$ cat query-v8.csv   # CSV, N, CA and C atoms and all ligand atoms
chain,number,residue,atom,x,y,z
A,1,MET,N,-2.3,24.3,22.9
A,1,MET,CA,-1.0,24.4,23.5
A,1,MET,C,-1.0,23.6,24.8
A,2,SER,N,0.0,22.8,24.9
A,2,SER,CA,0.2,22.0,26.2
A,2,SER,C,1.5,22.4,26.7
A,3,ASP,N,1.5,22.9,28.0
A,3,ASP,CA,2.7,23.4,28.6
A,3,ASP,C,3.8,22.4,28.7
A,4,ASP,N,3.5,21.2,28.9
A,4,ASP,CA,4.5,20.2,29.1
A,4,ASP,C,4.8,19.4,27.8
A,5,CYS,N,4.5,20.0,26.6
A,5,CYS,CA,4.7,19.4,25.4
A,5,CYS,C,5.9,20.1,24.7
A,6,LEU,N,6.9,19.3,24.3
A,6,LEU,CA,8.1,19.8,23.7
A,6,LEU,C,7.8,20.6,22.4
A,7,PHE,N,7.0,19.9,21.6
A,7,PHE,CA,6.7,20.5,20.2
A,7,PHE,C,5.8,21.8,20.4
A,8,CYS,N,4.9,21.8,21.3
A,8,CYS,CA,4.1,23.0,21.6
A,8,CYS,C,5.0,24.1,22.0
A,9,ARG,N,6.0,23.8,22.7
A,9,ARG,CA,7.0,24.8,23.2
A,9,ARG,C,7.9,25.3,22.1
A,10,ILE,N,8.2,24.4,21.2
A,10,ILE,CA,9.0,24.8,20.0
A,10,ILE,C,8.1,25.7,19.1
A,11,ALA,N,6.8,25.4,19.0
A,11,ALA,CA,5.9,26.1,18.1
A,11,ALA,C,5.7,27.5,18.7
A,12,SER,N,5.7,27.6,20.0
A,12,SER,CA,5.5,29.0,20.6
A,12,SER,C,6.7,29.8,20.7
A,13,GLY,N,7.9,29.2,20.4
A,13,GLY,CA,9.2,29.9,20.4
A,13,GLY,C,9.9,29.8,21.7
A,14,GLU,N,9.2,29.1,22.7
A,14,GLU,CA,9.8,29.1,24.0
A,14,GLU,C,11.1,28.2,24.0
A,15,ILE,N,11.1,27.2,23.2
A,15,ILE,CA,12.3,26.3,23.1
A,15,ILE,C,12.8,26.5,21.7
A,16,PRO,N,14.1,26.8,21.5
A,16,PRO,CA,14.7,27.1,20.2
A,16,PRO,C,14.8,25.9,19.3
A,17,ALA,N,14.6,26.1,18.0
A,17,ALA,CA,14.8,25.1,17.0
A,17,ALA,C,15.1,25.8,15.7
A,18,THR,N,15.7,25.1,14.8
A,18,THR,CA,15.9,25.7,13.5
A,18,THR,C,14.7,25.6,12.7
A,19,ILE,N,13.9,26.7,12.8
A,19,ILE,CA,12.6,26.7,12.1
A,19,ILE,C,12.8,27.1,10.6
A,20,VAL,N,12.2,26.3,9.7
A,20,VAL,CA,12.4,26.5,8.3
A,20,VAL,C,11.1,27.1,7.7
A,21,TYR,N,10.0,27.0,8.4
A,21,TYR,CA,8.7,27.5,7.9
A,21,TYR,C,7.7,27.6,9.1
A,22,GLN,N,6.9,28.7,9.1
A,22,GLN,CA,5.8,28.7,10.1
A,22,GLN,C,4.7,29.6,9.6
A,23,ASP,N,3.5,29.3,9.9
A,23,ASP,CA,2.4,30.1,9.6
A,23,ASP,C,1.4,30.0,10.7
A,24,ALA,N,0.1,30.4,10.5
A,24,ALA,CA,-0.9,30.4,11.6
A,24,ALA,C,-1.2,29.0,12.1
A,25,THR,N,-1.0,28.0,11.3
A,25,THR,CA,-1.5,26.6,11.7
A,25,THR,C,-0.4,25.6,11.8
A,26,ARG,N,0.8,25.9,11.1
A,26,ARG,CA,1.9,24.9,11.0
A,26,ARG,C,3.2,25.4,11.3
A,27,VAL,N,4.1,24.6,11.8
A,27,VAL,CA,5.5,24.9,12.0
A,27,VAL,C,6.4,23.8,11.5
A,28,ALA,N,7.5,24.1,10.8
A,28,ALA,CA,8.4,23.1,10.3
A,28,ALA,C,9.8,23.4,10.8
A,29,PHE,N,10.5,22.4,11.3
A,29,PHE,CA,11.9,22.7,11.8
A,29,PHE,C,12.8,21.5,11.6
A,30,ARG,N,14.1,21.7,11.7
A,30,ARG,CA,15.0,20.6,11.5
A,30,ARG,C,15.1,19.7,12.7
A,31,ASP,N,15.1,18.4,12.4
A,31,ASP,CA,15.2,17.4,13.5
A,31,ASP,C,16.6,17.5,14.2
A,32,ILE,N,16.5,17.5,15.5
A,32,ILE,CA,17.8,17.7,16.3
A,32,ILE,C,18.7,16.5,16.1
A,33,ALA,N,18.2,15.4,15.7
A,33,ALA,CA,19.1,14.2,15.5
A,33,ALA,C,18.7,13.6,14.1
A,34,PRO,N,19.1,14.2,13.1
A,34,PRO,CA,18.7,13.8,11.7
A,34,PRO,C,19.0,12.4,11.4
A,35,LYS,N,18.1,11.7,10.8
A,35,LYS,CA,18.3,10.3,10.3
A,35,LYS,C,18.5,10.3,8.8
A,36,ALA,N,18.5,11.4,8.2
A,36,ALA,CA,18.8,11.5,6.8
A,36,ALA,C,19.4,12.9,6.5
A,37,PRO,N,20.1,13.1,5.4
A,37,PRO,CA,20.8,14.4,5.2
A,37,PRO,C,19.8,15.5,5.3
A,38,THR,N,18.6,15.4,4.9
A,38,THR,CA,17.5,16.4,5.1
A,38,THR,C,16.5,15.7,6.0
A,39,HIS,N,16.3,16.2,7.2
A,39,HIS,CA,15.3,15.6,8.1
A,39,HIS,C,14.5,16.7,8.8
A,40,LEU,N,13.3,17.0,8.3
A,40,LEU,CA,12.5,18.0,8.8
A,40,LEU,C,11.3,17.4,9.6
A,41,VAL,N,10.8,18.1,10.6
A,41,VAL,CA,9.7,17.7,11.4
A,41,VAL,C,8.6,18.8,11.1
A,42,LEU,N,7.4,18.4,10.7
A,42,LEU,CA,6.3,19.3,10.4
A,42,LEU,C,5.2,19.0,11.4
A,43,ILE,N,4.8,20.1,12.0
A,43,ILE,CA,3.7,19.9,13.1
A,43,ILE,C,2.6,20.9,12.9
A,44,PRO,N,1.4,20.5,13.3
A,44,PRO,CA,0.3,21.4,13.4
A,44,PRO,C,0.5,22.2,14.7
A,45,ARG,N,0.1,23.5,14.7
A,45,ARG,CA,0.2,24.2,16.0
A,45,ARG,C,-0.7,23.6,17.1
A,46,LYS,N,-1.8,23.0,16.6
A,46,LYS,CA,-2.8,22.4,17.5
A,46,LYS,C,-2.2,21.2,18.1
A,47,HIS,N,-2.3,21.1,19.4
A,47,HIS,CA,-1.8,19.9,20.1
A,47,HIS,C,-2.7,18.7,19.9
A,48,ILE,N,-2.2,17.8,19.1
A,48,ILE,CA,-2.9,16.5,18.9
A,48,ILE,C,-1.8,15.4,19.2
A,49,PRO,N,-2.0,14.6,20.3
A,49,PRO,CA,-1.0,13.8,20.8
A,49,PRO,C,-0.5,12.7,19.8
A,50,THR,N,-1.4,12.0,19.2
A,50,THR,CA,-1.1,10.9,18.2
A,50,THR,C,-2.1,10.9,17.1
A,51,LEU,N,-1.7,10.1,16.1
A,51,LEU,CA,-2.7,9.9,15.0
A,51,LEU,C,-4.0,9.3,15.5
A,52,ASN,N,-4.0,8.5,16.6
A,52,ASN,CA,-5.2,8.0,17.2
A,52,ASN,C,-6.1,9.0,17.7
A,53,ASP,N,-5.6,10.2,17.9
A,53,ASP,CA,-6.5,11.3,18.5
A,53,ASP,C,-7.0,12.2,17.4
A,54,LEU,N,-6.7,11.9,16.1
A,54,LEU,CA,-7.1,12.7,15.0
A,54,LEU,C,-8.6,12.7,14.9
A,55,GLN,N,-9.2,13.9,14.7
A,55,GLN,CA,-10.6,14.1,14.5
A,55,GLN,C,-11.0,14.5,13.1
A,56,PRO,N,-12.2,14.3,12.6
A,56,PRO,CA,-12.5,14.7,11.3
A,56,PRO,C,-12.2,16.2,11.0
A,57,GLU,N,-12.4,17.0,12.0
A,57,GLU,CA,-12.1,18.4,11.8
A,57,GLU,C,-10.6,18.7,11.6
A,58,ASP,N,-9.7,17.7,11.9
A,58,ASP,CA,-8.3,17.9,11.7
A,58,ASP,C,-7.9,17.5,10.3
A,59,ALA,N,-8.8,17.1,9.4
A,59,ALA,CA,-8.4,16.6,8.1
A,59,ALA,C,-7.7,17.6,7.3
A,60,GLN,N,-8.2,18.8,7.3
A,60,GLN,CA,-7.5,19.9,6.5
A,60,GLN,C,-6.1,20.2,7.0
A,61,THR,N,-6.0,20.2,8.3
A,61,THR,CA,-4.7,20.5,9.0
A,61,THR,C,-3.6,19.4,8.5
A,62,VAL,N,-4.0,18.1,8.5
A,62,VAL,CA,-3.1,17.1,8.1
A,62,VAL,C,-2.8,17.2,6.6
A,63,GLY,N,-3.9,17.4,5.9
A,63,GLY,CA,-3.7,17.6,4.4
A,63,GLY,C,-2.7,18.7,4.1
A,64,GLU,N,-2.8,19.8,4.9
A,64,GLU,CA,-1.9,20.9,4.7
A,64,GLU,C,-0.5,20.6,5.2
A,65,LEU,N,-0.3,19.6,6.0
A,65,LEU,CA,1.1,19.2,6.4
A,65,LEU,C,1.7,18.6,5.2
A,66,PHE,N,1.0,17.7,4.5
A,66,PHE,CA,1.6,17.1,3.3
A,66,PHE,C,1.8,18.1,2.2
A,67,LEU,N,1.0,19.1,2.0
A,67,LEU,CA,1.2,20.1,1.0
A,67,LEU,C,2.5,20.9,1.4
A,68,LEU,N,2.7,21.1,2.7
A,68,LEU,CA,3.9,21.8,3.2
A,68,LEU,C,5.1,20.9,2.9
A,69,ALA,N,5.0,19.6,3.2
A,69,ALA,CA,6.1,18.6,2.9
A,69,ALA,C,6.5,18.7,1.5
A,70,LYS,N,5.6,18.8,0.6
A,70,LYS,CA,5.9,18.9,-0.9
A,70,LYS,C,6.7,20.2,-1.2
A,71,GLU,N,6.2,21.3,-0.6
A,71,GLU,CA,6.8,22.6,-0.8
A,71,GLU,C,8.2,22.6,-0.3
A,72,LEU,N,8.4,22.1,0.9
A,72,LEU,CA,9.7,22.2,1.6
A,72,LEU,C,10.7,21.2,0.9
A,73,ALA,N,10.2,20.1,0.4
A,73,ALA,CA,11.1,19.1,-0.3
A,73,ALA,C,11.6,19.8,-1.6
A,74,ALA,N,10.8,20.6,-2.2
A,74,ALA,CA,11.3,21.3,-3.4
A,74,ALA,C,12.3,22.4,-3.0
A,75,LYS,N,12.0,23.1,-1.9
A,75,LYS,CA,12.9,24.2,-1.4
A,75,LYS,C,14.2,23.6,-1.0
A,76,GLU,N,14.2,22.4,-0.4
A,76,GLU,CA,15.4,21.7,0.0
A,76,GLU,C,16.2,21.0,-1.1
A,77,GLY,N,15.5,21.0,-2.3
A,77,GLY,CA,16.2,20.4,-3.4
A,77,GLY,C,16.2,18.9,-3.5
A,78,ILE,N,15.2,18.3,-2.8
A,78,ILE,CA,15.1,16.8,-2.8
A,78,ILE,C,13.9,16.2,-3.4
A,79,ASP,N,13.1,17.1,-4.0
A,79,ASP,CA,11.8,16.7,-4.5
A,79,ASP,C,12.0,15.7,-5.7
A,80,GLN,N,13.0,15.9,-6.5
A,80,GLN,CA,13.2,15.0,-7.6
A,80,GLN,C,14.0,13.8,-7.3
A,81,SER,N,15.0,14.0,-6.4
A,81,SER,CA,15.8,12.8,-6.0
A,81,SER,C,15.0,11.8,-5.1
A,82,GLY,N,14.2,12.4,-4.2
A,82,GLY,CA,13.3,11.5,-3.4
A,82,GLY,C,13.3,11.8,-1.9
A,83,TYR,N,12.2,11.5,-1.3
A,83,TYR,CA,12.1,11.7,0.1
A,83,TYR,C,10.9,10.9,0.7
A,84,ARG,N,11.0,10.6,1.9
A,84,ARG,CA,10.0,9.7,2.6
A,84,ARG,C,9.2,10.6,3.6
A,85,THR,N,7.9,10.4,3.7
A,85,THR,CA,7.1,11.0,4.8
A,85,THR,C,6.6,10.0,5.7
A,86,LEU,N,6.5,10.3,7.0
A,86,LEU,CA,6.2,9.3,8.0
A,86,LEU,C,5.6,9.9,9.3
A,87,PHE,N,4.6,9.3,9.8
A,87,PHE,CA,4.0,9.5,11.1
A,87,PHE,C,4.3,8.3,11.9
A,88,ASN,N,4.9,8.4,13.1
A,88,ASN,CA,5.0,7.3,14.0
A,88,ASN,C,3.9,7.4,15.0
A,89,CYS,N,3.1,6.3,15.3
A,89,CYS,CA,2.0,6.4,16.2
A,89,CYS,C,2.3,5.5,17.4
A,90,ASN,N,2.6,6.1,18.5
A,90,ASN,CA,2.8,5.4,19.8
A,90,ASN,C,4.1,4.6,19.9
A,91,ALA,N,4.4,4.1,21.0
A,91,ALA,CA,5.8,3.6,21.4
A,91,ALA,C,6.3,2.6,20.5
A,92,ASP,N,5.5,1.6,20.1
A,92,ASP,CA,6.1,0.5,19.3
A,92,ASP,C,6.4,0.9,17.9
A,93,ALA,N,5.9,2.0,17.5
A,93,ALA,CA,6.3,2.6,16.2
A,93,ALA,C,7.4,3.5,16.3
A,94,GLY,N,7.8,3.8,17.5
A,94,GLY,CA,9.0,4.7,17.7
A,94,GLY,C,8.6,6.1,18.0
A,95,GLN,N,7.4,6.4,18.3
A,95,GLN,CA,7.0,7.8,18.7
A,95,GLN,C,7.6,8.1,20.0
A,96,THR,N,8.2,9.2,20.1
A,96,THR,CA,8.9,9.7,21.4
A,96,THR,C,8.4,11.0,21.8
A,97,VAL,N,7.7,11.8,20.9
A,97,VAL,CA,7.2,13.1,21.3
A,97,VAL,C,5.7,13.0,21.0
A,98,TRP,N,4.9,13.3,22.0
A,98,TRP,CA,3.4,13.1,21.9
A,98,TRP,C,2.7,14.4,21.4
A,99,HIS,N,3.1,14.8,20.2
A,99,HIS,CA,2.5,15.9,19.5
A,99,HIS,C,2.6,15.5,18.1
A,100,LEU,N,1.5,15.3,17.4
A,100,LEU,CA,1.5,14.8,16.0
A,100,LEU,C,2.6,15.5,15.2
A,101,HIS,N,3.4,14.7,14.5
A,101,HIS,CA,4.4,15.3,13.6
A,101,HIS,C,4.7,14.4,12.4
A,102,LEU,N,4.9,15.1,11.3
A,102,LEU,CA,5.2,14.4,10.0
A,102,LEU,C,6.7,14.6,9.8
A,103,HIS,N,7.4,13.4,9.7
A,103,HIS,CA,8.8,13.5,9.4
A,103,HIS,C,8.9,13.6,7.9
B,201,LIG,P1,9.3,10.5,16.9
B,201,LIG,O1,10.3,9.5,17.3
B,201,LIG,O2,8.3,10.9,18.0
B,201,LIG,O3,8.5,10.1,15.7
B,201,LIG,O4,10.0,11.8,16.4
B,201,LIG,C1,10.4,12.8,17.3
B,201,LIG,C2,11.6,13.5,16.6
B,201,LIG,O5,11.8,14.7,17.3
B,201,LIG,C3,12.9,12.6,16.7
B,201,LIG,O6,13.4,12.4,15.3
B,201,LIG,C4,13.9,13.5,17.5
B,201,LIG,O7,15.2,13.5,17.0
B,201,LIG,C5,13.2,14.9,17.3
B,201,LIG,N1,13.5,15.8,18.5
B,201,LIG,C6,13.4,15.4,19.8
B,201,LIG,N2,13.6,16.5,20.6
B,201,LIG,C7,13.9,17.5,19.8
B,201,LIG,C8,14.2,18.9,20.0
B,201,LIG,O8,14.4,19.4,21.1
B,201,LIG,N3,14.4,19.7,18.9
B,201,LIG,C9,14.3,19.2,17.6
B,201,LIG,N4,14.5,20.0,16.6
B,201,LIG,N5,14.0,17.9,17.4
B,201,LIG,C10,13.8,17.1,18.4
B,202,ZN,ZN,1.9,19.7,21.8
$ encode --input "query-v8.csv" --output "structure tokens"
Amino acid sequence: MSDDCLFCRIASGEIPATIVYQDATRVAFRDIAPKAPTHLVLIPRKHIPTLNDLQPEDAQTVGELFLLAKELAAKEGIDQSGYRTLFNCNADAGQTVWHLHLH
């Protein structure tokens, strides 16, 4: 948990968001400025700033984000029509929130 991190504060419930799923290690919520009809943000509760900071012990956490993406795509009814998954890493890629997140 980082006190000055927006997504840590969403994960803790301190800042409201439309949360569609949460468990002990992951939180998923609707993007505040959706770039697609369905645009979810999936985060680990663990504060990892960027993909560059990923450690071997985070492998399961990231794998579980993709499993959640699959489950939520089905729940949202877009698993068959199609969806894109994306991590932006650092400014030139468009990262604006420094807490690892899967779009
Ligand atoms: P990035 O650009 O870092 O890859 O993605 C950050 C995403 O977080 C953006 O798509 C942006 O719209 C979304 N976002 C930024 N602030 C908030 C917020 O306060 N609430 C929610 N739900 N999404 C946010
Ligand atoms: Zn954070």
$ select_by_dssp --input "query-v8.csv" --residues "region 6-56 of chain A" --states "strand (DSSP E or B)" --output "ChimeraX atom specification"
/A:19-22,26-30,40-44
$ residues_near_ligand --input "query-v8.csv" --ligand "ligand LIG 201 (chain B)" --cutoff "8 Å" --atoms "all atoms listed in the file" --output "ChimeraX atom specification"
/A:6-7,10,15-19,29-35,39-41,86-90,93-103
$ residues_near_ligand --input "query-v8.csv" --ligand "ligand ZN 202 (chain B)" --cutoff "8 Å" --atoms "only C-alpha atoms and all ligand atoms" --output "PyMOL selection string"
chain A and resi 1-9+45-49+98-100
$ closest_residue --input "query-v8.csv" --among "A:Thr38, A:Thr50, A:Asp79, A:Pro44" --to "Ala11 (chain A)" --atoms "all atoms listed in the file"
A:Pro44
$ atom_distance --input "query-v8.csv" --atom1 "atom C of Ala74 (chain A)" --atom2 "atom N of Leu51 (chain A)"
26.7 Å
$ atom_distance --input "query-v8.csv" --atom1 "atom C of Ile78 (chain A)" --atom2 "CA of Glu64 (chain A)"
18.4 Å
$ select_by_dssp --input "query-v8.csv" --residues "chain A" --states "helix (DSSP H, G or I)" --output "short mmCIF file (atom, residue, chain, number, x, y, z; two decimals) with N, CA and C atoms, keeping the file's coordinate frame"
data_model
loop_
_atom_site.label_atom_id
_atom_site.label_comp_id
_atom_site.auth_asym_id
_atom_site.auth_seq_id
_atom_site.Cartn_x
_atom_site.Cartn_y
_atom_site.Cartn_z
N LEU A 6 6.90 19.30 24.30
CA LEU A 6 8.10 19.80 23.70
C LEU A 6 7.80 20.60 22.40
N PHE A 7 7.00 19.90 21.60
CA PHE A 7 6.70 20.50 20.20
C PHE A 7 5.80 21.80 20.40
N CYS A 8 4.90 21.80 21.30
CA CYS A 8 4.10 23.00 21.60
C CYS A 8 5.00 24.10 22.00
N ARG A 9 6.00 23.80 22.70
CA ARG A 9 7.00 24.80 23.20
C ARG A 9 7.90 25.30 22.10
N ILE A 10 8.20 24.40 21.20
CA ILE A 10 9.00 24.80 20.00
C ILE A 10 8.10 25.70 19.10
N ALA A 11 6.80 25.40 19.00
CA ALA A 11 5.90 26.10 18.10
C ALA A 11 5.70 27.50 18.70
N SER A 12 5.70 27.60 20.00
CA SER A 12 5.50 29.00 20.60
C SER A 12 6.70 29.80 20.70
N LEU A 51 -1.70 10.10 16.10
CA LEU A 51 -2.70 9.90 15.00
C LEU A 51 -4.00 9.30 15.50
N ASN A 52 -4.00 8.50 16.60
CA ASN A 52 -5.20 8.00 17.20
C ASN A 52 -6.10 9.00 17.70
N ASP A 53 -5.60 10.20 17.90
CA ASP A 53 -6.50 11.30 18.50
C ASP A 53 -7.00 12.20 17.40
N PRO A 56 -12.20 14.30 12.60
CA PRO A 56 -12.50 14.70 11.30
C PRO A 56 -12.20 16.20 11.00
N GLU A 57 -12.40 17.00 12.00
CA GLU A 57 -12.10 18.40 11.80
C GLU A 57 -10.60 18.70 11.60
N ASP A 58 -9.70 17.70 11.90
CA ASP A 58 -8.30 17.90 11.70
C ASP A 58 -7.90 17.50 10.30
N ALA A 59 -8.80 17.10 9.40
CA ALA A 59 -8.40 16.60 8.10
C ALA A 59 -7.70 17.60 7.30
N GLN A 60 -8.20 18.80 7.30
CA GLN A 60 -7.50 19.90 6.50
C GLN A 60 -6.10 20.20 7.00
N THR A 61 -6.00 20.20 8.30
CA THR A 61 -4.70 20.50 9.00
C THR A 61 -3.60 19.40 8.50
N VAL A 62 -4.00 18.10 8.50
CA VAL A 62 -3.10 17.10 8.10
C VAL A 62 -2.80 17.20 6.60
N GLY A 63 -3.90 17.40 5.90
CA GLY A 63 -3.70 17.60 4.40
C GLY A 63 -2.70 18.70 4.10
N GLU A 64 -2.80 19.80 4.90
CA GLU A 64 -1.90 20.90 4.70
C GLU A 64 -0.50 20.60 5.20
N LEU A 65 -0.30 19.60 6.00
CA LEU A 65 1.10 19.20 6.40
C LEU A 65 1.70 18.60 5.20
N PHE A 66 1.00 17.70 4.50
CA PHE A 66 1.60 17.10 3.30
C PHE A 66 1.80 18.10 2.20
N LEU A 67 1.00 19.10 2.00
CA LEU A 67 1.20 20.10 1.00
C LEU A 67 2.50 20.90 1.40
N LEU A 68 2.70 21.10 2.70
CA LEU A 68 3.90 21.80 3.20
C LEU A 68 5.10 20.90 2.90
N ALA A 69 5.00 19.60 3.20
CA ALA A 69 6.10 18.60 2.90
C ALA A 69 6.50 18.70 1.50
N LYS A 70 5.60 18.80 0.60
CA LYS A 70 5.90 18.90 -0.90
C LYS A 70 6.70 20.20 -1.20
N GLU A 71 6.20 21.30 -0.60
CA GLU A 71 6.80 22.60 -0.80
C GLU A 71 8.20 22.60 -0.30
N LEU A 72 8.40 22.10 0.90
CA LEU A 72 9.70 22.20 1.60
C LEU A 72 10.70 21.20 0.90
N ALA A 73 10.20 20.10 0.40
CA ALA A 73 11.10 19.10 -0.30
C ALA A 73 11.60 19.80 -1.60
N ALA A 74 10.80 20.60 -2.20
CA ALA A 74 11.30 21.30 -3.40
C ALA A 74 12.30 22.40 -3.00
N LYS A 75 12.00 23.10 -1.90
CA LYS A 75 12.90 24.20 -1.40
C LYS A 75 14.20 23.60 -1.00
N GLU A 76 14.20 22.40 -0.40
CA GLU A 76 15.40 21.70 0.00
C GLU A 76 16.20 21.00 -1.10
N ALA A 91 4.40 4.10 21.00
CA ALA A 91 5.80 3.60 21.40
C ALA A 91 6.30 2.60 20.50
N ASP A 92 5.50 1.60 20.10
CA ASP A 92 6.10 0.50 19.30
C ASP A 92 6.40 0.90 17.90
N ALA A 93 5.90 2.00 17.50
CA ALA A 93 6.30 2.60 16.20
C ALA A 93 7.40 3.50 16.30
#
$ atom_distance --input "query-v8.csv" --atom1 "CA of Lys75 (chain A)" --atom2 "CA of Val20 (chain A)"
10.0 Å
